[in-house]
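J.: Data: structure.cif, mmCIF, N, CA and C atoms.
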data_data
#
loop_
_atom_site.group_PDB
_atom_site.id
_atom_site.type_symbol
_atom_site.label_atom_id
_atom_site.label_comp_id
_atom_site.auth_asym_id
_atom_site.auth_seq_id
_atom_site.Cartn_x
_atom_site.Cartn_y
_atom_site.Cartn_z
ATOM 1 N N MET D 798 163.666 186.885 95.800
ATOM 2 C CA MET D 798 163.090 187.951 95.013
ATOM 3 C C MET D 798 161.784 188.436 95.613
ATOM 4 N N PHE D 799 160.950 187.540 96.129
ATOM 5 C CA PHE D 799 159.668 187.935 96.662
ATOM 6 C C PHE D 799 159.799 188.475 98.075
ATOM 7 N N ASP D 800 160.662 187.867 98.852
ATOM 8 C CA ASP D 800 160.788 188.225 100.258
ATOM 9 C C ASP D 800 162.150 187.732 100.707
ATOM 10 N N SER D 801 162.740 188.423 101.645
ATOM 11 C CA SER D 801 164.071 188.023 102.079
ATOM 12 C C SER D 801 164.067 186.661 102.741
ATOM 13 N N ALA D 802 162.898 186.199 103.215
ATOM 14 C CA ALA D 802 162.818 184.893 103.862
ATOM 15 C C ALA D 802 162.633 183.773 102.846
ATOM 16 N N VAL D 803 162.394 184.121 101.599
ATOM 17 C CA VAL D 803 162.165 183.115 100.562
ATOM 18 C C VAL D 803 163.384 183.066 99.654
ATOM 19 N N THR D 804 163.927 181.887 99.473
ATOM 20 C CA THR D 804 165.052 181.714 98.561
ATOM 21 C C THR D 804 164.506 181.528 97.154
ATOM 22 N N PRO D 805 164.864 182.391 96.225
ATOM 23 C CA PRO D 805 164.321 182.251 94.878
ATOM 24 C C PRO D 805 164.847 180.992 94.197
ATOM 25 N N CYS D 806 163.976 180.351 93.451
ATOM 26 C CA CYS D 806 164.402 179.167 92.711
ATOM 27 C C CYS D 806 165.035 179.602 91.398
ATOM 28 N N ARG D 807 165.534 178.676 90.654
ATOM 29 C CA ARG D 807 166.179 178.937 89.388
ATOM 30 C C ARG D 807 165.256 179.670 88.418
ATOM 31 N N CYS D 808 163.952 179.440 88.528
ATOM 32 C CA CYS D 808 162.989 180.059 87.618
ATOM 33 C C CYS D 808 162.916 181.572 87.788
ATOM 34 N N HIS D 809 163.336 182.111 88.932
ATOM 35 C CA HIS D 809 163.211 183.538 89.179
ATOM 36 C C HIS D 809 164.381 184.353 88.638
ATOM 37 N N VAL D 810 165.395 183.729 88.123
ATOM 38 C CA VAL D 810 166.551 184.464 87.623
ATOM 39 C C VAL D 810 166.106 185.354 86.462
ATOM 40 N N GLY D 811 166.405 186.629 86.570
ATOM 41 C CA GLY D 811 166.068 187.560 85.497
ATOM 42 C C GLY D 811 164.669 188.138 85.587
ATOM 43 N N VAL D 812 163.895 187.785 86.607
ATOM 44 C CA VAL D 812 162.548 188.321 86.754
ATOM 45 C C VAL D 812 162.650 189.690 87.401
ATOM 46 N N TYR D 813 161.993 190.648 86.825
ATOM 47 C CA TYR D 813 162.015 192.021 87.320
ATOM 48 C C TYR D 813 161.043 192.153 88.478
ATOM 49 N N ASN D 814 161.542 192.537 89.643
ATOM 50 C CA ASN D 814 160.698 192.730 90.812
ATOM 51 C C ASN D 814 160.290 194.195 90.872
ATOM 52 N N LEU D 815 159.001 194.455 90.697
ATOM 53 C CA LEU D 815 158.504 195.821 90.644
ATOM 54 C C LEU D 815 158.610 196.551 91.971
ATOM 55 N N GLN D 816 158.895 195.844 93.065
ATOM 56 C CA GLN D 816 159.040 196.493 94.357
ATOM 57 C C GLN D 816 160.195 197.492 94.330
ATOM 58 N N HIS D 817 161.163 197.294 93.450
ATOM 59 C CA HIS D 817 162.327 198.165 93.379
ATOM 60 C C HIS D 817 162.146 199.291 92.368
ATOM 61 N N SER D 818 160.971 199.353 91.753
ATOM 62 C CA SER D 818 160.672 200.405 90.788
ATOM 63 C C SER D 818 160.090 201.614 91.520
ATOM 64 N N PRO D 819 160.421 202.829 91.097
ATOM 65 C CA PRO D 819 159.796 204.001 91.709
ATOM 66 C C PRO D 819 158.307 204.078 91.381
ATOM 67 N N TYR D 820 157.878 203.348 90.373
ATOM 68 C CA TYR D 820 156.471 203.306 89.970
ATOM 69 C C TYR D 820 156.009 201.857 89.979
ATOM 70 N N PRO D 821 155.671 201.295 91.156
ATOM 71 C CA PRO D 821 155.410 199.867 91.251
ATOM 72 C C PRO D 821 154.193 199.377 90.487
ATOM 73 N N ASN D 822 153.312 200.244 90.043
ATOM 74 C CA ASN D 822 152.137 199.784 89.316
ATOM 75 C C ASN D 822 152.213 200.134 87.829
ATOM 76 N N ASP D 823 153.438 200.271 87.304
ATOM 77 C CA ASP D 823 153.594 200.737 85.933
ATOM 78 C C ASP D 823 153.635 199.615 84.895
ATOM 79 N N MET D 824 153.465 198.383 85.304
ATOM 80 C CA MET D 824 153.549 197.263 84.366
ATOM 81 C C MET D 824 152.271 197.186 83.536
ATOM 82 N N ASN D 825 152.418 197.284 82.225
ATOM 83 C CA ASN D 825 151.270 197.151 81.337
ATOM 84 C C ASN D 825 150.856 195.699 81.255
ATOM 85 N N HIS D 826 149.553 195.476 81.157
ATOM 86 C CA HIS D 826 149.056 194.112 81.002
ATOM 87 C C HIS D 826 147.797 194.149 80.147
ATOM 88 N N ASP D 827 147.501 193.009 79.543
ATOM 89 C CA ASP D 827 146.371 192.913 78.618
ATOM 90 C C ASP D 827 145.155 192.229 79.233
ATOM 91 N N ALA D 828 145.370 191.470 80.290
ATOM 92 C CA ALA D 828 144.276 190.736 80.929
ATOM 93 C C ALA D 828 144.585 190.571 82.409
ATOM 94 N N ASP D 829 143.537 190.372 83.189
ATOM 95 C CA ASP D 829 143.668 190.218 84.632
ATOM 96 C C ASP D 829 143.086 188.887 85.080
ATOM 97 N N LEU D 830 143.658 188.348 86.146
ATOM 98 C CA LEU D 830 143.102 187.176 86.819
ATOM 99 C C LEU D 830 143.228 187.403 88.313
ATOM 100 N N ASP D 831 142.093 187.419 89.003
ATOM 101 C CA ASP D 831 142.095 187.549 90.456
ATOM 102 C C ASP D 831 141.963 186.150 91.044
ATOM 103 N N ALA D 832 143.076 185.617 91.538
ATOM 104 C CA ALA D 832 143.095 184.286 92.132
ATOM 105 C C ALA D 832 143.235 184.354 93.651
ATOM 106 N N VAL D 833 142.947 185.519 94.223
ATOM 107 C CA VAL D 833 143.040 185.690 95.674
ATOM 108 C C VAL D 833 141.994 184.790 96.330
ATOM 109 N N GLY D 834 142.448 184.030 97.320
ATOM 110 C CA GLY D 834 141.561 183.107 98.022
ATOM 111 C C GLY D 834 141.556 181.707 97.450
ATOM 112 N N LEU D 835 142.155 181.525 96.275
ATOM 113 C CA LEU D 835 142.215 180.196 95.661
ATOM 114 C C LEU D 835 143.498 179.496 96.085
ATOM 115 N N LEU D 836 143.397 178.197 96.306
ATOM 116 C CA LEU D 836 144.557 177.407 96.712
ATOM 117 C C LEU D 836 145.020 176.521 95.572
ATOM 118 N N CYS D 837 146.270 176.084 95.670
ATOM 119 C CA CYS D 837 146.906 175.202 94.703
ATOM 120 C C CYS D 837 145.992 174.005 94.430
ATOM 121 N N PRO D 838 145.816 173.691 93.167
ATOM 122 C CA PRO D 838 146.453 174.201 91.943
ATOM 123 C C PRO D 838 145.624 175.240 91.197
ATOM 124 N N LEU D 839 144.561 175.756 91.806
ATOM 125 C CA LEU D 839 143.631 176.619 91.080
ATOM 126 C C LEU D 839 144.244 177.888 90.487
ATOM 127 N N PRO D 840 145.135 178.610 91.162
ATOM 128 C CA PRO D 840 145.687 179.804 90.502
ATOM 129 C C PRO D 840 146.372 179.491 89.162
ATOM 130 N N VAL D 841 147.127 178.414 89.119
ATOM 131 C CA VAL D 841 147.818 178.054 87.875
ATOM 132 C C VAL D 841 146.833 177.537 86.833
ATOM 133 N N LEU D 842 145.869 176.736 87.246
ATOM 134 C CA LEU D 842 144.880 176.215 86.293
ATOM 135 C C LEU D 842 144.070 177.346 85.680
ATOM 136 N N LYS D 843 143.684 178.315 86.491
ATOM 137 C CA LYS D 843 142.924 179.448 85.967
ATOM 138 C C LYS D 843 143.802 180.351 85.095
ATOM 139 N N ALA D 844 145.084 180.481 85.440
ATOM 140 C CA ALA D 844 146.002 181.258 84.598
ATOM 141 C C ALA D 844 146.147 180.592 83.234
ATOM 142 N N ARG D 845 146.288 179.282 83.225
ATOM 143 C CA ARG D 845 146.396 178.557 81.949
ATOM 144 C C ARG D 845 145.177 178.831 81.081
ATOM 145 N N LYS D 846 143.993 178.753 81.665
ATOM 146 C CA LYS D 846 142.758 178.983 80.922
ATOM 147 C C LYS D 846 142.656 180.432 80.443
ATOM 148 N N ARG D 847 143.065 181.365 81.277
ATOM 149 C CA ARG D 847 142.966 182.791 80.931
ATOM 150 C C ARG D 847 143.967 183.189 79.853
ATOM 151 N N LEU D 848 145.081 182.461 79.739
ATOM 152 C CA LEU D 848 146.083 182.750 78.718
ATOM 153 C C LEU D 848 145.664 182.277 77.329
ATOM 154 N N ILE D 849 144.750 181.331 77.248
ATOM 155 C CA ILE D 849 144.370 180.735 75.954
ATOM 156 C C ILE D 849 143.963 181.776 74.918
ATOM 157 N N PRO D 850 143.063 182.723 75.220
ATOM 158 C CA PRO D 850 142.659 183.672 74.167
ATOM 159 C C PRO D 850 143.681 184.766 73.866
ATOM 160 N N LEU D 851 144.718 184.896 74.683
ATOM 161 C CA LEU D 851 145.708 185.947 74.459
ATOM 162 C C LEU D 851 146.631 185.592 73.303
ATOM 163 N N GLN D 852 147.155 186.617 72.662
ATOM 164 C CA GLN D 852 148.129 186.443 71.590
ATOM 165 C C GLN D 852 149.522 186.312 72.202
ATOM 166 N N PRO D 853 150.448 185.627 71.516
ATOM 167 C CA PRO D 853 151.820 185.553 72.038
ATOM 168 C C PRO D 853 152.378 186.951 72.319
ATOM 169 N N GLY D 854 152.990 187.093 73.494
ATOM 170 C CA GLY D 854 153.559 188.368 73.903
ATOM 171 C C GLY D 854 152.627 189.210 74.753
ATOM 172 N N GLN D 855 151.334 188.940 74.700
ATOM 173 C CA GLN D 855 150.416 189.676 75.563
ATOM 174 C C GLN D 855 150.626 189.243 77.005
ATOM 175 N N VAL D 856 150.307 190.143 77.945
ATOM 176 C CA VAL D 856 150.635 189.923 79.352
ATOM 177 C C VAL D 856 149.379 189.743 80.198
ATOM 178 N N LEU D 857 149.409 188.702 81.005
ATOM 179 C CA LEU D 857 148.359 188.421 81.977
ATOM 180 C C LEU D 857 148.867 188.813 83.353
ATOM 181 N N ARG D 858 148.072 189.602 84.077
ATOM 182 C CA ARG D 858 148.402 189.930 85.458
ATOM 183 C C ARG D 858 147.599 189.005 86.365
ATOM 184 N N VAL D 859 148.300 188.269 87.225
ATOM 185 C CA VAL D 859 147.659 187.342 88.154
ATOM 186 C C VAL D 859 147.902 187.831 89.571
ATOM 187 N N ARG D 860 146.833 187.964 90.344
ATOM 188 C CA ARG D 860 146.916 188.309 91.766
ATOM 189 C C ARG D 860 146.576 187.049 92.545
ATOM 190 N N ALA D 861 147.465 186.632 93.449
ATOM 191 C CA ALA D 861 147.248 185.409 94.222
ATOM 192 C C ALA D 861 147.813 185.575 95.624
ATOM 193 N N ASP D 862 147.181 184.904 96.574
ATOM 194 C CA ASP D 862 147.703 184.923 97.940
ATOM 195 C C ASP D 862 148.030 183.522 98.446
ATOM 196 N N ASP D 863 147.975 182.543 97.579
ATOM 197 C CA ASP D 863 148.341 181.172 97.935
ATOM 198 C C ASP D 863 149.860 181.101 98.087
ATOM 199 N N PRO D 864 150.362 180.680 99.261
ATOM 200 C CA PRO D 864 151.818 180.602 99.441
ATOM 201 C C PRO D 864 152.513 179.709 98.408
ATOM 202 N N ALA D 865 151.819 178.700 97.913
ATOM 203 C CA ALA D 865 152.418 177.800 96.921
ATOM 204 C C ALA D 865 152.600 178.474 95.563
ATOM 205 N N ALA D 866 151.893 179.566 95.305
ATOM 206 C CA ALA D 866 152.002 180.247 94.015
ATOM 207 C C ALA D 866 153.406 180.780 93.769
ATOM 208 N N VAL D 867 154.143 181.069 94.835
ATOM 209 C CA VAL D 867 155.515 181.571 94.703
ATOM 210 C C VAL D 867 156.377 180.575 93.928
ATOM 211 N N VAL D 868 156.080 179.307 94.085
ATOM 212 C CA VAL D 868 156.796 178.249 93.365
ATOM 213 C C VAL D 868 156.025 177.825 92.122
ATOM 214 N N ASP D 869 154.702 177.697 92.256
ATOM 215 C CA ASP D 869 153.877 177.156 91.176
ATOM 216 C C ASP D 869 153.848 178.027 89.924
ATOM 217 N N VAL D 870 153.714 179.335 90.075
ATOM 218 C CA VAL D 870 153.591 180.214 88.910
ATOM 219 C C VAL D 870 154.876 180.217 88.078
ATOM 220 N N PRO D 871 156.054 180.418 88.674
ATOM 221 C CA PRO D 871 157.275 180.355 87.855
ATOM 222 C C PRO D 871 157.480 178.982 87.203
ATOM 223 N N HIS D 872 157.141 177.920 87.936
ATOM 224 C CA HIS D 872 157.286 176.567 87.373
ATOM 225 C C HIS D 872 156.334 176.386 86.186
ATOM 226 N N PHE D 873 155.094 176.833 86.340
ATOM 227 C CA PHE D 873 154.122 176.756 85.253
ATOM 228 C C PHE D 873 154.635 177.498 84.023
ATOM 229 N N CYS D 874 155.154 178.708 84.221
ATOM 230 C CA CYS D 874 155.656 179.496 83.094
ATOM 231 C C CYS D 874 156.792 178.778 82.376
ATOM 232 N N ALA D 875 157.725 178.247 83.143
ATOM 233 C CA ALA D 875 158.873 177.542 82.555
ATOM 234 C C ALA D 875 158.427 176.300 81.787
ATOM 235 N N GLU D 876 157.487 175.559 82.337
ATOM 236 C CA GLU D 876 157.030 174.319 81.703
ATOM 237 C C GLU D 876 156.152 174.577 80.483
ATOM 238 N N ALA D 877 155.350 175.646 80.522
ATOM 239 C CA ALA D 877 154.393 175.907 79.447
ATOM 240 C C ALA D 877 154.940 176.824 78.360
ATOM 241 N N GLY D 878 156.154 177.345 78.541
ATOM 242 C CA GLY D 878 156.753 178.193 77.524
ATOM 243 C C GLY D 878 156.355 179.658 77.615
ATOM 244 N N HIS D 879 155.813 180.059 78.744
ATOM 245 C CA HIS D 879 155.473 181.457 78.965
ATOM 246 C C HIS D 879 156.635 182.140 79.687
ATOM 247 N N THR D 880 156.598 183.460 79.773
ATOM 248 C CA THR D 880 157.659 184.204 80.443
ATOM 249 C C THR D 880 157.093 184.929 81.651
ATOM 250 N N LEU D 881 157.677 184.684 82.809
ATOM 251 C CA LEU D 881 157.325 185.443 83.998
ATOM 252 C C LEU D 881 158.107 186.743 83.911
ATOM 253 N N VAL D 882 157.419 187.811 83.512
ATOM 254 C CA VAL D 882 158.059 189.081 83.214
ATOM 255 C C VAL D 882 158.431 189.844 84.474
ATOM 256 N N ALA D 883 157.516 189.847 85.449
ATOM 257 C CA ALA D 883 157.747 190.620 86.666
ATOM 258 C C ALA D 883 156.894 190.078 87.800
ATOM 259 N N THR D 884 157.308 190.428 89.009
ATOM 260 C CA THR D 884 156.549 190.067 90.198
ATOM 261 C C THR D 884 156.426 191.302 91.077
ATOM 262 N N GLN D 885 155.439 191.270 91.939
ATOM 263 C CA GLN D 885 155.230 192.381 92.854
ATOM 264 C C GLN D 885 154.499 191.859 94.073
ATOM 265 N N ASP D 886 154.844 192.374 95.250
ATOM 266 C CA ASP D 886 154.114 192.056 96.467
ATOM 267 C C ASP D 886 153.207 193.227 96.787
ATOM 268 N N ASP D 887 151.971 192.916 97.120
ATOM 269 C CA ASP D 887 151.002 193.927 97.530
ATOM 270 C C ASP D 887 150.393 193.450 98.842
ATOM 271 N N GLY D 888 151.131 193.648 99.931
ATOM 272 C CA GLY D 888 150.714 193.111 101.222
ATOM 273 C C GLY D 888 150.776 191.595 101.175
ATOM 274 N N PRO D 889 149.686 190.918 101.518
ATOM 275 C CA PRO D 889 149.684 189.453 101.497
ATOM 276 C C PRO D 889 149.482 188.865 100.099
ATOM 277 N N VAL D 890 149.276 189.719 99.115
ATOM 278 C CA VAL D 890 149.007 189.278 97.746
ATOM 279 C C VAL D 890 150.257 189.422 96.891
ATOM 280 N N GLN D 891 150.537 188.389 96.110
ATOM 281 C CA GLN D 891 151.623 188.450 95.134
ATOM 282 C C GLN D 891 150.986 188.716 93.774
ATOM 283 N N ILE D 892 151.680 189.532 92.977
ATOM 284 C CA ILE D 892 151.199 189.844 91.637
ATOM 285 C C ILE D 892 152.246 189.335 90.649
ATOM 286 N N TYR D 893 151.788 188.578 89.675
ATOM 287 C CA TYR D 893 152.664 187.980 88.666
ATOM 288 C C TYR D 893 152.252 188.510 87.301
ATOM 289 N N TYR D 894 153.222 188.889 86.493
ATOM 290 C CA TYR D 894 152.978 189.326 85.130
ATOM 291 C C TYR D 894 153.549 188.266 84.198
ATOM 292 N N ILE D 895 152.666 187.610 83.462
ATOM 293 C CA ILE D 895 153.042 186.481 82.609
ATOM 294 C C ILE D 895 152.821 186.863 81.154
ATOM 295 N N ALA D 896 153.886 186.812 80.357
ATOM 296 C CA ALA D 896 153.769 187.040 78.913
ATOM 297 C C ALA D 896 153.537 185.690 78.237
ATOM 298 N N LYS D 897 152.490 185.618 77.447
ATOM 299 C CA LYS D 897 152.166 184.368 76.768
ATOM 300 C C LYS D 897 153.265 184.001 75.769
ATOM 301 N N GLY D 898 153.650 182.741 75.797
ATOM 302 C CA GLY D 898 154.649 182.234 74.860
ATOM 303 C C GLY D 898 154.037 181.952 73.499
ATOM 304 N N ALA D 899 154.895 181.576 72.571
ATOM 305 C CA ALA D 899 154.441 181.296 71.196
ATOM 306 C C ALA D 899 153.599 180.060 71.096
#
Starting from the file, lay out its structure as structure tokens.

T.:
Amino acid sequence: MFDSAVTPCRCHVGVYNLQHSPYPNDMNHDADLDAVGLLCPLPVLKARKRLIPLQPGQVLRVRADDPAAVVDVPHFCAEAGHTLVATQDDGPVQIYYIAKGA
């Protein structure tokens, strides 16, 4: 889903990849997290903290360039009960849209 060289794991099934949208920046979100330059496990730890004040269903946009985030973010969402709504590549940066779970 992220790149033809990356085999998507089970967690990516059903995730909408915005790269195939005619409007790749059209995903609404309620909060932002810039995790560019941070390495594992910091992007996920900061996402967990940033999701705390959000209401269920609100969306956090996370920007990360850590190669491990491709696996870590979907795994975090599955384990914590959040939904990985969409993904997007922006050059070397991956963008994840996470809807807070109940």

J.: Atom C of Ala883 in chain D and atom N of His826 in chain D, how far apart in Å?

T.: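 Here the two named atoms are 11.3 Å from each other.
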
J.: Kindly resolve the PyMOL selection byres ((chain D and resi 868-880) around 6) on the present coordinates and return the residues as JSON, numbers by chain.

T.: {"D": [808, 864, 865, 866, 867, 881, 882, 894, 895, 896, 897, 898, 899]}

J.: Residues of range 807-898 of chain D in alpha helix (DSSP H) according to DSSP, as number ranges by chain?

T.: D: 839-848, 866-877

J.: In Å, with one decimal, what is the gap from atom N of Gly854 in chain D to atom N of Ala828 in chain D?

T.: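 These atoms are spaced 11.1 Å apart.
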
J.: Give me, please, the distance in Å between CA of Ala861 in chain D and atom C of Gln891 in chain D, quoted to one decimal.

T.: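 Those two atoms sit 5.0 Å apart.
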
J.: Check what the PyMOL selection byres (((chain D and resi 829-845 and name CA) around 6) and name CA) selects in the file above and give those residues as a list in words.

T.: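 Expected selection for the PyMOL selection byres (((chain D and resi 829-845 and name CA) around 6) and name CA) here is Ala828, Lys846, Arg847, Leu848, Leu857, Arg858, Val859, Arg860, Ala861, Asp862 and Asp863 of chain D.
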